[in-house]
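**Student:** Input structure: query29.txt, which contains compact mmCIF, C-alpha atoms.
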# COMPACT_ATOMS: atom_id res chain seq x y z
CA MET A 1 11.68 -12.63 25.30
CA MET A 2 15.43 -12.20 25.75
CA ALA A 3 17.67 -14.56 23.87
CA ALA A 4 19.25 -17.25 26.00
CA ARG A 5 23.02 -17.46 25.99
CA PRO A 6 23.83 -18.97 22.62
CA TYR A 7 25.99 -22.06 22.41
CA LEU A 8 28.96 -21.92 20.09
CA VAL A 9 29.43 -25.65 19.65
CA PRO A 10 26.65 -27.69 18.08
CA LEU A 11 25.30 -30.55 20.16
CA PRO A 12 24.45 -33.83 18.46
CA TYR A 13 20.74 -34.50 17.99
CA ARG A 14 19.21 -37.64 16.56
CA VAL A 15 16.34 -37.73 14.10
CA VAL A 16 13.45 -39.58 15.77
CA GLY A 17 10.72 -38.70 13.31
CA ARG A 18 10.29 -37.50 9.77
CA THR A 19 7.15 -36.54 7.88
CA GLU A 20 6.97 -35.51 4.25
CA GLU A 21 4.97 -32.27 4.16
CA THR A 22 5.16 -31.48 0.45
CA PRO A 23 7.30 -32.92 -2.37
CA ASP A 24 10.24 -30.70 -1.31
CA THR A 25 9.50 -30.06 2.36
CA ALA A 26 9.82 -32.38 5.35
CA GLU A 27 9.31 -32.10 9.06
CA ILE A 28 12.13 -33.64 11.09
CA VAL A 29 11.93 -34.30 14.82
CA LEU A 30 15.17 -34.20 16.77
CA GLU A 31 16.10 -35.42 20.24
CA PRO A 32 19.41 -34.83 22.03
CA VAL A 33 21.85 -37.71 21.80
CA ALA A 34 23.26 -36.77 25.23
CA SER A 35 23.16 -33.20 26.58
CA ALA A 36 20.20 -31.04 25.61
CA LEU A 37 20.19 -27.38 24.68
CA PRO A 38 18.22 -24.93 26.86
CA SER A 39 14.53 -24.61 26.06
CA PHE A 40 13.55 -22.79 22.89
CA GLY A 41 10.68 -20.34 22.66
CA PRO A 42 8.29 -19.93 19.71
CA GLY A 43 9.88 -17.86 16.97
CA GLN A 44 13.47 -18.46 18.04
CA PHE A 45 15.79 -20.33 15.73
CA ALA A 46 18.62 -22.84 15.80
CA MET A 47 21.69 -23.27 13.64
CA VAL A 48 21.31 -26.80 12.36
CA TYR A 49 24.41 -28.53 11.05
CA ALA A 50 24.34 -31.25 8.42
CA PHE A 51 27.61 -32.99 9.19
CA GLY A 52 30.15 -32.56 6.45
CA VAL A 53 27.97 -30.13 4.50
CA GLY A 54 27.33 -27.02 6.60
CA ASP A 55 24.79 -25.32 8.80
CA ILE A 56 21.73 -23.15 8.23
CA PRO A 57 19.34 -21.26 10.49
CA LEU A 58 16.03 -23.02 11.01
CA SER A 59 13.05 -21.90 13.04
CA LEU A 60 11.29 -24.33 15.31
CA SER A 61 7.99 -25.64 14.01
CA GLY A 62 7.45 -27.70 17.12
CA ILE A 63 8.80 -27.57 20.68
CA ASP A 64 8.11 -30.42 23.08
CA GLY A 65 10.51 -30.25 25.99
CA HIS A 66 13.94 -31.08 24.59
CA ARG A 67 12.39 -32.52 21.44
CA LEU A 68 12.72 -30.07 18.55
CA THR A 69 10.83 -30.07 15.28
CA HIS A 70 12.06 -28.29 12.16
CA THR A 71 10.29 -27.91 8.84
CA VAL A 72 12.93 -28.03 6.13
CA ARG A 73 12.52 -27.14 2.49
CA ALA A 74 15.19 -28.61 0.23
CA VAL A 75 16.54 -25.60 -1.65
CA GLY A 76 20.33 -25.84 -1.31
CA ALA A 77 23.08 -28.23 -0.28
CA VAL A 78 22.57 -28.02 3.49
CA SER A 79 18.78 -27.96 3.51
CA ARG A 80 18.73 -30.86 1.05
CA ALA A 81 21.04 -32.86 3.32
CA LEU A 82 18.78 -32.15 6.30
CA TYR A 83 15.68 -32.92 4.26
CA ASN A 84 17.21 -36.27 3.34
CA LEU A 85 17.90 -37.25 6.97
CA ARG A 86 15.96 -40.27 8.14
CA PRO A 87 15.19 -41.55 11.67
CA GLY A 88 18.45 -42.62 13.28
CA GLY A 89 20.45 -39.98 11.45
CA THR A 90 22.10 -37.15 13.35
CA ALA A 91 22.52 -33.41 13.00
CA GLY A 92 24.26 -30.76 15.09
CA VAL A 93 22.16 -28.07 16.73
CA ARG A 94 23.11 -24.70 18.26
CA GLY A 95 20.70 -22.46 20.08
CA PRO A 96 18.30 -21.17 21.20
CA LEU A 97 19.05 -18.07 19.18
CA GLY A 98 17.32 -14.75 18.65
CA ILE A 99 14.18 -13.10 19.93
CA GLY A 100 10.93 -14.93 19.22
CA TRP A 101 7.21 -14.24 19.51
CA ASP A 102 6.27 -12.94 22.97
CA LEU A 103 2.81 -14.40 23.38
CA LEU A 104 2.64 -13.94 27.14
CA ALA A 105 2.65 -10.17 26.70
CA GLU A 106 -0.59 -10.34 24.71
CA ALA A 107 -2.99 -11.51 27.42
CA GLY A 108 -6.54 -10.31 26.83
CA ARG A 109 -5.94 -9.32 23.24
CA ASP A 110 -7.28 -10.77 20.00
CA LEU A 111 -4.57 -12.69 18.17
CA LEU A 112 -4.10 -12.53 14.44
CA VAL A 113 -1.68 -15.02 12.93
CA VAL A 114 -0.86 -14.34 9.27
CA ALA A 115 1.34 -16.84 7.45
CA GLY A 116 2.55 -17.13 3.88
CA GLY A 117 4.02 -20.34 2.46
CA LEU A 118 6.55 -21.95 4.77
CA GLY A 119 6.01 -19.04 7.19
CA LEU A 120 3.29 -21.06 8.92
CA ALA A 121 5.89 -23.45 10.35
CA PRO A 122 7.58 -20.96 12.75
CA LEU A 123 4.13 -19.80 13.88
CA ARG A 124 2.91 -23.27 14.77
CA PRO A 125 4.40 -23.33 18.32
CA LEU A 126 2.77 -19.95 18.99
CA VAL A 127 -0.62 -21.21 17.78
CA ARG A 128 -0.31 -24.30 19.95
CA ASP A 129 0.54 -22.19 23.01
CA ALA A 130 -2.40 -19.86 22.33
CA LEU A 131 -4.81 -22.77 21.96
CA ALA A 132 -3.47 -24.35 25.14
CA ALA A 133 -4.60 -21.30 27.13
CA PRO A 134 -7.70 -19.99 25.32
CA GLN A 135 -9.01 -18.18 28.40
CA ARG A 136 -5.92 -15.99 28.42
CA PHE A 137 -6.51 -14.44 24.98
CA GLY A 138 -9.30 -13.01 22.85
CA ARG A 139 -10.27 -14.36 19.44
CA LEU A 140 -7.66 -16.31 17.51
CA ASN A 141 -7.66 -15.75 13.75
CA ILE A 142 -5.25 -17.67 11.54
CA LEU A 143 -4.89 -16.53 7.93
CA ILE A 144 -2.82 -18.73 5.66
CA GLY A 145 -1.61 -18.20 2.10
CA ALA A 146 -0.06 -20.98 0.03
CA ARG A 147 0.99 -21.43 -3.57
CA THR A 148 -1.22 -24.45 -4.24
CA PRO A 149 -3.33 -26.73 -2.03
CA GLY A 150 -0.52 -29.30 -2.21
CA ASP A 151 2.03 -26.79 -0.88
CA LEU A 152 0.16 -26.18 2.35
CA VAL A 153 2.36 -27.04 5.34
CA CYS A 154 1.01 -28.09 8.75
CA ALA A 155 -2.08 -29.26 6.88
CA ARG A 156 -2.94 -31.92 9.43
CA ASP A 157 -2.85 -29.34 12.24
CA ILE A 158 -5.37 -27.02 10.64
CA ASP A 159 -8.47 -29.15 11.31
CA ASP A 160 -7.37 -29.64 14.90
CA TRP A 161 -6.89 -25.91 15.37
CA ARG A 162 -10.30 -25.20 13.89
CA LYS A 163 -11.92 -27.72 16.25
CA ALA A 164 -10.07 -26.10 19.15
CA GLY A 165 -11.73 -22.77 18.39
CA ALA A 166 -9.40 -20.95 16.02
CA ARG A 167 -11.01 -19.09 13.13
CA ILE A 168 -8.98 -20.23 10.14
CA GLN A 169 -8.98 -19.04 6.55
CA VAL A 170 -6.78 -20.47 3.83
CA THR A 171 -6.19 -19.04 0.38
CA VAL A 172 -4.06 -20.30 -2.49
CA ASP A 173 -2.53 -18.62 -5.51
CA ARG A 174 -3.14 -21.54 -7.85
CA PRO A 175 -6.11 -23.79 -7.12
CA ASP A 176 -6.41 -27.31 -8.43
CA ASP A 177 -9.66 -28.83 -9.64
CA THR A 178 -10.60 -30.03 -6.16
CA TRP A 179 -9.97 -26.80 -4.25
CA GLN A 180 -13.18 -25.22 -2.96
CA GLY A 181 -11.55 -22.62 -0.73
CA ASP A 182 -10.38 -19.09 -1.39
CA VAL A 183 -8.13 -18.02 -4.24
CA GLY A 184 -6.03 -14.87 -3.95
CA VAL A 185 -3.54 -13.13 -1.70
CA VAL A 186 -3.57 -13.60 2.05
CA THR A 187 -4.24 -9.90 2.72
CA ALA A 188 -7.67 -10.31 1.08
CA LEU A 189 -8.64 -12.54 4.00
CA LEU A 190 -8.30 -9.68 6.48
CA ASP A 191 -11.74 -8.37 5.52
CA ARG A 192 -13.33 -11.49 6.98
CA ALA A 193 -11.15 -11.87 10.05
CA ASP A 194 -12.89 -11.29 13.35
CA PHE A 195 -10.79 -9.02 15.54
CA ASP A 196 -10.80 -5.67 17.26
CA PRO A 197 -8.06 -3.58 15.63
CA GLY A 198 -7.74 -1.53 18.81
CA ASN A 199 -7.11 -4.59 20.95
CA ALA A 200 -5.32 -7.06 18.72
CA THR A 201 -1.78 -8.24 18.11
CA ALA A 202 -0.64 -9.66 14.79
CA PHE A 203 2.11 -12.21 14.20
CA VAL A 204 3.24 -12.24 10.57
CA CYS A 205 5.69 -14.59 8.89
CA GLY A 206 6.35 -15.36 5.24
CA PRO A 207 8.14 -13.87 2.22
CA GLU A 208 9.18 -10.28 2.84
CA VAL A 209 6.88 -8.85 0.15
CA MET A 210 3.95 -10.59 1.82
CA ILE A 211 5.04 -9.32 5.25
CA ARG A 212 5.20 -5.72 4.02
CA ALA A 213 1.79 -5.90 2.32
CA THR A 214 0.19 -7.50 5.37
CA ALA A 215 1.73 -5.11 7.89
CA ARG A 216 0.65 -2.08 5.85
CA GLU A 217 -2.92 -3.39 5.63
CA LEU A 218 -3.00 -4.05 9.36
CA ALA A 219 -1.68 -0.59 10.17
CA HIS A 220 -4.25 0.88 7.77
CA ARG A 221 -6.95 -0.97 9.69
CA GLY A 222 -5.85 0.61 12.95
CA LEU A 223 -3.48 -1.87 14.57
CA ASP A 224 -0.78 -0.21 16.64
CA THR A 225 2.45 -0.77 14.72
CA ASP A 226 4.08 -1.96 17.95
CA ARG A 227 1.48 -4.73 17.99
CA ILE A 228 2.38 -5.95 14.54
CA ARG A 229 5.15 -8.50 15.04
CA ILE A 230 7.03 -9.66 11.97
CA SER A 231 9.69 -12.32 11.56
CA LEU A 232 12.50 -11.21 9.27
CA GLU A 233 15.09 -13.22 7.50
CA ARG A 234 18.58 -12.33 6.45
CA THR A 235 21.57 -14.61 6.10
CA MET A 236 22.03 -15.69 9.71
CA HIS A 237 25.39 -17.37 10.04
CA CYS A 238 27.16 -17.19 13.41
CA GLY A 239 23.99 -16.64 15.42
CA THR A 240 25.97 -14.66 17.98
CA GLY A 241 26.11 -11.17 16.49
CA HIS A 242 29.76 -11.35 15.44
CA CYS A 243 29.84 -12.06 11.71
CA GLY A 244 27.39 -9.36 10.59
CA HIS A 245 25.85 -11.42 7.80
CA CYS A 246 22.36 -10.80 9.15
CA GLN A 247 22.73 -7.06 9.58
CA LEU A 248 19.67 -5.00 8.70
CA GLY A 249 20.60 -1.37 9.27
CA PRO A 250 21.28 -1.01 13.00
CA LEU A 251 19.92 -4.51 13.73
CA LEU A 252 21.71 -7.82 13.85
CA LEU A 253 18.75 -10.07 13.25
CA CYS A 254 20.31 -13.10 14.93
CA LEU A 255 20.32 -11.12 18.20
CA ASP A 256 17.78 -8.30 17.73
CA GLY A 257 15.37 -10.48 15.75
CA PRO A 258 14.23 -12.41 13.89
CA VAL A 259 10.99 -11.11 15.42
CA VAL A 260 10.72 -7.31 15.47
CA THR A 261 7.83 -4.87 15.56
CA TRP A 262 6.57 -3.19 12.41
CA THR A 263 7.49 0.12 14.08
CA ARG A 264 11.09 -1.00 13.99
CA GLY A 265 11.03 -2.96 10.76
CA GLU A 266 9.09 -0.66 8.43
CA PRO A 267 11.72 2.05 7.96
CA LEU A 268 14.43 -0.55 7.44
CA LEU A 269 12.48 -2.56 4.89
CA ALA A 270 11.81 0.64 2.95
CA VAL A 271 15.55 1.00 2.21
CA ARG A 272 16.56 -0.73 -0.98
CA GLU A 273 19.32 -3.33 -0.77
CA LEU A 274 19.58 -2.98 3.01
CA MET B 1 -16.35 -4.97 15.81
CA THR B 2 -14.69 -6.88 13.07
CA ALA B 3 -12.24 -5.53 10.57
CA GLY B 4 -14.82 -6.36 7.91
CA GLY B 5 -15.75 -2.71 7.84
CA HIS B 6 -13.29 -2.36 4.99
CA GLY B 7 -15.68 -3.50 2.31
CA PHE B 8 -16.86 -1.49 -0.67
CA LEU B 9 -19.77 0.26 1.06
CA SER B 10 -17.71 1.36 4.04
CA ALA B 11 -15.23 3.01 1.69
CA LEU B 12 -17.98 5.27 0.29
CA PRO B 13 -18.87 8.59 2.00
CA PRO B 14 -22.25 8.37 3.79
CA GLY B 15 -24.18 10.47 1.24
CA PRO B 16 -23.22 8.57 -1.90
CA ARG B 17 -23.48 5.29 0.04
CA ASP B 18 -27.11 5.95 0.91
CA GLN B 19 -27.74 7.15 -2.64
CA LEU B 20 -26.30 3.93 -4.04
CA LEU B 21 -28.24 1.76 -1.60
CA GLY B 22 -31.40 3.44 -2.87
CA PHE B 23 -30.90 1.44 -6.07
CA ALA B 24 -30.23 -1.88 -4.29
CA HIS B 25 -32.45 -4.86 -3.98
CA ASP B 26 -31.73 -8.03 -2.07
CA VAL B 27 -30.92 -11.21 -3.93
CA SER B 28 -29.94 -14.73 -2.89
CA PHE B 29 -28.01 -17.27 -4.91
CA PRO B 30 -27.62 -20.96 -4.14
CA VAL B 31 -24.22 -22.63 -4.20
CA GLY B 32 -22.99 -23.34 -7.71
CA ARG B 33 -25.14 -20.71 -9.43
CA ARG B 34 -23.63 -19.14 -12.57
CA ILE B 35 -23.99 -15.36 -12.20
CA PHE B 36 -22.39 -14.14 -15.41
CA ASP B 37 -20.13 -15.30 -18.22
CA GLU B 38 -17.04 -13.75 -19.77
CA GLY B 39 -18.08 -11.52 -22.67
CA GLY B 40 -21.67 -11.14 -21.50
CA ALA B 41 -23.42 -7.80 -21.05
CA ALA B 42 -22.39 -6.14 -17.77
CA ASP B 43 -25.88 -4.86 -17.01
CA ARG B 44 -25.85 -5.50 -13.25
CA PHE B 45 -23.42 -5.58 -10.36
CA TRP B 46 -23.50 -6.79 -6.78
CA ILE B 47 -22.14 -6.12 -3.33
CA ILE B 48 -21.73 -9.39 -1.45
CA ARG B 49 -23.35 -9.44 1.99
CA SER B 50 -22.45 -13.02 2.82
CA GLY B 51 -20.97 -16.04 1.06
CA ARG B 52 -18.24 -16.46 -1.48
CA ILE B 53 -18.05 -16.10 -5.26
CA ALA B 54 -15.33 -17.32 -7.63
CA LEU B 55 -14.17 -15.33 -10.65
CA ASP B 56 -13.07 -17.56 -13.49
CA VAL B 57 -11.76 -17.77 -17.03
CA GLN B 58 -12.83 -20.44 -19.51
CA GLU B 59 -9.85 -22.45 -20.71
CA PRO B 60 -10.11 -24.99 -23.54
CA GLY B 61 -9.85 -28.47 -22.06
CA ARG B 62 -9.90 -27.20 -18.47
CA GLY B 63 -13.24 -25.49 -18.17
CA GLU B 64 -13.59 -22.81 -15.56
CA THR B 65 -10.23 -21.83 -14.08
CA VAL B 66 -10.71 -19.84 -10.87
CA VAL B 67 -8.48 -16.77 -10.69
CA GLU B 68 -9.81 -15.15 -7.53
CA THR B 69 -12.54 -15.45 -4.92
CA LEU B 70 -14.57 -12.62 -3.44
CA GLY B 71 -16.33 -12.54 -0.09
CA GLU B 72 -18.38 -10.46 2.29
CA GLY B 73 -18.37 -6.74 1.64
CA GLU B 74 -16.70 -6.97 -1.76
CA LEU B 75 -17.91 -5.57 -5.06
CA LEU B 76 -18.73 -8.16 -7.69
CA GLY B 77 -18.21 -6.58 -11.08
CA TRP B 78 -16.72 -3.31 -12.28
CA SER B 79 -17.03 -3.81 -16.06
CA TRP B 80 -20.51 -2.26 -15.82
CA LEU B 81 -18.87 1.12 -15.22
CA PHE B 82 -16.68 1.27 -18.31
CA ASP B 83 -17.36 0.96 -22.00
CA PRO B 84 -17.94 -1.55 -23.63
CA TYR B 85 -19.82 -2.84 -20.54
CA ARG B 86 -18.87 -6.48 -21.07
CA TRP B 87 -17.66 -8.91 -18.41
CA HIS B 88 -13.96 -9.74 -18.57
CA LEU B 89 -14.37 -12.80 -16.34
CA GLY B 90 -17.10 -15.23 -15.35
CA ALA B 91 -18.56 -15.65 -11.86
CA ARG B 92 -20.05 -18.59 -9.98
CA THR B 93 -21.08 -18.90 -6.34
CA ARG B 94 -18.94 -21.13 -4.11
CA SER B 95 -21.46 -21.06 -1.29
CA ALA B 96 -24.93 -19.71 -0.73
CA VAL B 97 -24.70 -15.96 -1.30
CA GLU B 98 -26.73 -12.98 -0.08
CA ALA B 99 -26.06 -9.76 -1.98
CA TYR B 100 -27.28 -6.34 -2.95
CA GLU B 101 -27.99 -6.27 -6.67
CA PHE B 102 -27.90 -3.07 -8.73
CA ASP B 103 -29.17 -2.22 -12.20
CA ALA B 104 -26.06 -0.89 -13.96
CA GLN B 105 -27.96 1.39 -16.33
CA GLN B 106 -29.77 3.12 -13.47
CA VAL B 107 -26.55 3.71 -11.55
CA ARG B 108 -24.71 4.95 -14.64
CA GLU B 109 -27.50 7.46 -15.28
CA GLU B 110 -27.23 8.70 -11.71
CA ILE B 111 -23.47 9.03 -12.11
CA ASP B 112 -23.99 11.17 -15.22
CA GLU B 113 -26.58 13.37 -13.52
CA ASP B 114 -24.86 13.82 -10.14
CA PRO B 115 -21.10 14.50 -10.42
CA VAL B 116 -20.56 14.28 -6.65
CA PHE B 117 -22.12 10.83 -6.59
CA GLY B 118 -20.31 9.88 -9.78
CA LEU B 119 -16.91 10.91 -8.46
CA ALA B 120 -17.45 9.02 -5.19
CA ILE B 121 -18.50 5.84 -6.98
CA THR B 122 -15.69 6.02 -9.52
CA ARG B 123 -13.07 6.68 -6.84
CA CYS B 124 -14.35 3.82 -4.75
CA VAL B 125 -14.45 1.35 -7.63
CA ALA B 126 -10.94 2.41 -8.65
CA ALA B 127 -9.46 2.21 -5.14
CA VAL B 128 -11.28 -0.67 -3.52
CA ALA B 129 -12.04 -2.96 -6.42
CA ILE B 130 -9.60 -2.28 -9.23
CA GLY B 131 -6.62 -1.01 -7.22
CA ARG B 132 -6.64 -3.74 -4.60
CA ARG B 133 -7.15 -6.47 -7.16
CA LEU B 134 -4.39 -5.06 -9.35
CA ARG B 135 -1.99 -5.07 -6.40
CA ALA B 136 -3.05 -8.60 -5.54
CA ALA B 137 -2.55 -9.76 -9.14
CA ARG B 138 0.91 -8.19 -9.28
CA THR B 139 1.87 -9.82 -5.99
CA ARG B 140 0.77 -13.19 -7.29
CA LEU B 141 2.85 -12.67 -10.42
CA LEU B 142 5.91 -12.72 -8.12
CA ASP B 143 5.07 -16.32 -7.19
CA LEU B 144 6.29 -15.58 -3.66
CA TYR B 145 5.76 -19.08 -2.33
CA GLY B 146 7.22 -20.82 -5.34
CA PRO B 147 10.60 -22.50 -5.83
CA PRO B 148 13.36 -20.06 -4.88
CA GLY B 149 15.55 -20.73 -7.90
CA GLY B 150 15.23 -17.23 -9.29
CA ARG B 151 15.90 -15.49 -6.00
CA ALA B 152 19.25 -14.84 -4.41
CA VAL B 153 18.41 -16.10 -0.96
CA ALA B 154 16.16 -19.01 -0.18
CA ALA B 155 14.48 -20.30 2.95
CA GLY B 156 16.84 -20.36 5.90
CA GLY B 157 19.09 -17.81 4.28
CA GLU B 158 20.65 -20.53 2.15
CA ALA B 159 21.60 -19.81 -1.44
CA PRO B 160 19.86 -22.25 -3.79
Transcribe the structure of this file into structure tokens.

**Tutor:**
Amino acid sequence: MMAARPYLVPLPYRVVGRTEETPDTAEIVLEPVASALPSFGPGQFAMVYAFGVGDIPLSLSGIDGHRLTHTVRAVGAVSRALYNLRPGGTAGVRGPLGIGWDLLAEAGRDLLVVAGGLGLAPLRPLVRDALAAPQRFGRLNILIGARTPGDLVCARDIDDWRKAGARIQVTVDRPDDTWQGDVGVVTALLDRADFDPGNATAFVCGPEVMIRATARELAHRGLDTDRIRISLERTMHCGTGHCGHCQLGPLLLCLDGPVVTWTRGEPLLAVREL
Amino acid sequence: MTAGGHGFLSALPPGPRDQLLGFAHDVSFPVGRRIFDEGGAADRFWIIRSGRIALDVQEPGRGETVVETLGEGELLGWSWLFDPYRWHLGARTRSAVEAYEFDAQQVREEIDEDPVFGLAITRCVAAVAIGRRLRAARTRLLDLYGPPGGRAVAAGGEAP
């Protein structure tokens, strides 16, 4: 999907919903105060401005017309300010930016969604689109890795997705006393996923180490590296390809990404400090 | 086809795989069954056909702390292959389990008598069981999903 023309001036959006996902992560729902930005696609991102603090790139964890949902983890000044927004508060939004997941190109193929930590949030719109048109795709496998059961984001979606036909596996690094699911890395779940490696497309999002390990395993199992789509993260800043903060070798991830194929990403991620 | 063909048996060449399966017998375990304890004699091992098993460590005051789970196609136990043949972890079923069970002494004797078989088994245990679990353990040491305080760039590209 080609990036839409990016907007240079943030438009005001009002917080109309907020849900605490984990002790440091919240989902905020935004609606335009007046004019709306063009429609976002799954995997694209916005520059979200906390007034008086600064802006950061945030993927969309929900897209409902002009209503945008972001999942924000409070890790720095801007994300903490956004995390602390409550209904009625406002933020500035620029976008849509970047190239997202191209689900429409995968008709007839098995879909493999692999998410680590907060990486499930940007994949949620893609999962919803896939489940909305189940006849268009093959089997849908969703593999999720989290630090602890309490750190699992989108937890209330997972039961719904399972009921809608997705084959879902969840693993955690550190179980608590109540956890009866899997314990270990997310790549270990691939053995039990139900897909045809010759006719499947993978969508992978999470920490870069997890992305590399997952993409290598998938390639080892026979997936075409052009069918392994990964979402990369560098320090997106302008969102328009001018500042160069998000450069990864020949790519400017705010324009050429964040979603790229493993064919394109593998050689770049193999270069230290790139 | 599923990608589940990447289990322990599928990683063995056909000859040694058939040779190993000649020692197998089918077993079933109900959910919650203790299979072995840390420090016990590693006199058997299993290849899981269905179900899930948790590997654990006994911690004072906490009981069994699960460190990893194993599922279909995976090898349960490699301590049987190396001296002193004692389990380093405990194991308990998390669901009903169907498995192939092997007598460790019989397989070790076959390894000693047939170097081709022995090399295939040793390579497979090293690559599929030990190597993969070592990589997984090292990855988990990084605490990838944890608080980003120690890393230069956090979620959203924002410095913490």

**Student:** Within 7 Å of chain B, which residues of chain A are there when counting only C-alpha atoms? Please give them as a PDB file with C-alpha atoms, keeping the file's coordinate frame.

**Tutor:**
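Output saved as iface.pdb:
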ATOM      1  CA  ILE A  56      21.730 -23.150   8.230  1.00  0.00           C
ATOM      2  CA  PRO A  57      19.340 -21.260  10.490  1.00  0.00           C
ATOM      3  CA  LEU A  58      16.030 -23.020  11.010  1.00  0.00           C
ATOM      4  CA  VAL A  75      16.540 -25.600  -1.650  1.00  0.00           C
ATOM      5  CA  GLY A  76      20.330 -25.840  -1.310  1.00  0.00           C
ATOM      6  CA  GLY A 117       4.020 -20.340   2.460  1.00  0.00           C
ATOM      7  CA  ALA A 146      -0.060 -20.980   0.030  1.00  0.00           C
ATOM      8  CA  ARG A 147       0.990 -21.430  -3.570  1.00  0.00           C
ATOM      9  CA  ASP A 173      -2.530 -18.620  -5.510  1.00  0.00           C
ATOM     10  CA  ASP A 182     -10.380 -19.090  -1.390  1.00  0.00           C
ATOM     11  CA  VAL A 183      -8.130 -18.020  -4.240  1.00  0.00           C
ATOM     12  CA  GLY A 184      -6.030 -14.870  -3.950  1.00  0.00           C
ATOM     13  CA  VAL A 185      -3.540 -13.130  -1.700  1.00  0.00           C
ATOM     14  CA  ASP A 191     -11.740  -8.370   5.520  1.00  0.00           C
ATOM     15  CA  ARG A 192     -13.330 -11.490   6.980  1.00  0.00           C
ATOM     16  CA  ALA A 193     -11.150 -11.870  10.050  1.00  0.00           C
ATOM     17  CA  ASP A 194     -12.890 -11.290  13.350  1.00  0.00           C
ATOM     18  CA  PHE A 195     -10.790  -9.020  15.540  1.00  0.00           C
ATOM     19  CA  ASP A 196     -10.800  -5.670  17.260  1.00  0.00           C
ATOM     20  CA  PRO A 197      -8.060  -3.580  15.630  1.00  0.00           C
ATOM     21  CA  PRO A 207       8.140 -13.870   2.220  1.00  0.00           C
ATOM     22  CA  GLU A 233      15.090 -13.220   7.500  1.00  0.00           C
ATOM     23  CA  ARG A 234      18.580 -12.330   6.450  1.00  0.00           C
ATOM     24  CA  THR A 235      21.570 -14.610   6.100  1.00  0.00           C
ATOM     25  CA  MET A 236      22.030 -15.690   9.710  1.00  0.00           C
TER      26      MET A 236
END

**Student:** Could you tell me which of B:Leu20, B:Leu12, B:Leu89, B:Val27 comes closest to Gly40 of chain B if we count only C-alpha atoms?

**Tutor:** B:Leu89

**Student:** Enter the distance from atom CA of Thr225 of chain A to atom CA of Gly116 of chain A, in Å, rounded to one decimal.

**Tutor:**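 Value for the atom CA of Thr225 of chain A-atom CA of Gly116 of chain A distance: 19.6 Å.
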
**Student:** Which residue is closest to Pro175 of chain A? Choose from B:Asp56, B:Asp114, B:Trp80, B:Pro14 and count only C-alpha atoms.

**Tutor:**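 Comparing B:Asp56, B:Asp114, B:Trp80, B:Pro14 against Pro175 of chain A, the winner is B:Asp56.
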
**Student:** Which residues are near Cys205 of chain A? Cut-off 6 Å, only C-alpha atoms, ignore same chain within fewer than 3 positions. Put them as a PyMOL selection string.

**Tutor:** chain A and resi 115+119+230-231

**Student:** Smallest atom-to-atom distance to Leu104 of chain A: which of A:Asp256, A:Asp176, A:Asp129, A:Asp24, using only C-alpha atoms?

**Tutor:**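 Among the listed residues, A:Asp129 lies closest to Leu104 of chain A.
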
**Student:** Identify which of the residues A:Arg229, A:His237, A:Arg221, A:His66 lies closest to Phe203 of chain A, counting only C-alpha atoms when measuring atom-to-atom distances.

**Tutor:**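 Closest to Phe203 of chain A, using only C-alpha atoms: A:Arg229.
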
**Student:** When you count all atoms listed in the file, which of these residues is closest to Thr201 of chain A: A:Glu273, A:Asp64, A:Asp110, A:Asp151?

**Tutor:**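 Of the candidates, the smallest distance to Thr201 of chain A is held by A:Asp110.
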
**Student:** Please rebuild segment 13-21 of chain A with N, CA and C atoms and return the result as an mmCIF file, in the frame of the given file.

**Tutor:**
data_model
loop_
_atom_site.group_PDB
_atom_site.id
_atom_site.type_symbol
_atom_site.label_atom_id
_atom_site.label_comp_id
_atom_site.auth_asym_id
_atom_site.auth_seq_id
_atom_site.Cartn_x
_atom_site.Cartn_y
_atom_site.Cartn_z
ATOM 1 N N TYR A 13 22.145 -34.132 17.838
ATOM 2 C CA TYR A 13 20.740 -34.500 17.990
ATOM 3 C C TYR A 13 20.429 -35.619 16.989
ATOM 4 N N ARG A 14 19.572 -36.504 17.417
ATOM 5 C CA ARG A 14 19.210 -37.640 16.560
ATOM 6 C C ARG A 14 17.801 -37.434 15.987
ATOM 7 N N VAL A 15 17.653 -37.803 14.736
ATOM 8 C CA VAL A 15 16.340 -37.730 14.100
ATOM 9 C C VAL A 15 15.479 -38.887 14.629
ATOM 10 N N VAL A 16 14.347 -38.540 15.231
ATOM 11 C CA VAL A 16 13.450 -39.580 15.770
ATOM 12 C C VAL A 16 12.123 -39.610 15.020
ATOM 13 N N GLY A 17 11.956 -38.693 14.091
ATOM 14 C CA GLY A 17 10.720 -38.700 13.310
ATOM 15 C C GLY A 17 10.900 -37.876 12.052
ATOM 16 N N ARG A 18 10.225 -38.261 11.018
ATOM 17 C CA ARG A 18 10.290 -37.500 9.770
ATOM 18 C C ARG A 18 8.962 -37.656 9.033
ATOM 19 N N THR A 19 8.414 -36.536 8.613
ATOM 20 C CA THR A 19 7.150 -36.540 7.880
ATOM 21 C C THR A 19 7.309 -35.695 6.628
ATOM 22 N N GLU A 20 6.934 -36.259 5.509
ATOM 23 C CA GLU A 20 6.970 -35.510 4.250
ATOM 24 C C GLU A 20 5.773 -34.555 4.238
ATOM 25 N N GLU A 21 6.059 -33.256 4.161
ATOM 26 C CA GLU A 21 4.970 -32.270 4.160
ATOM 27 C C GLU A 21 4.504 -31.962 2.751
#
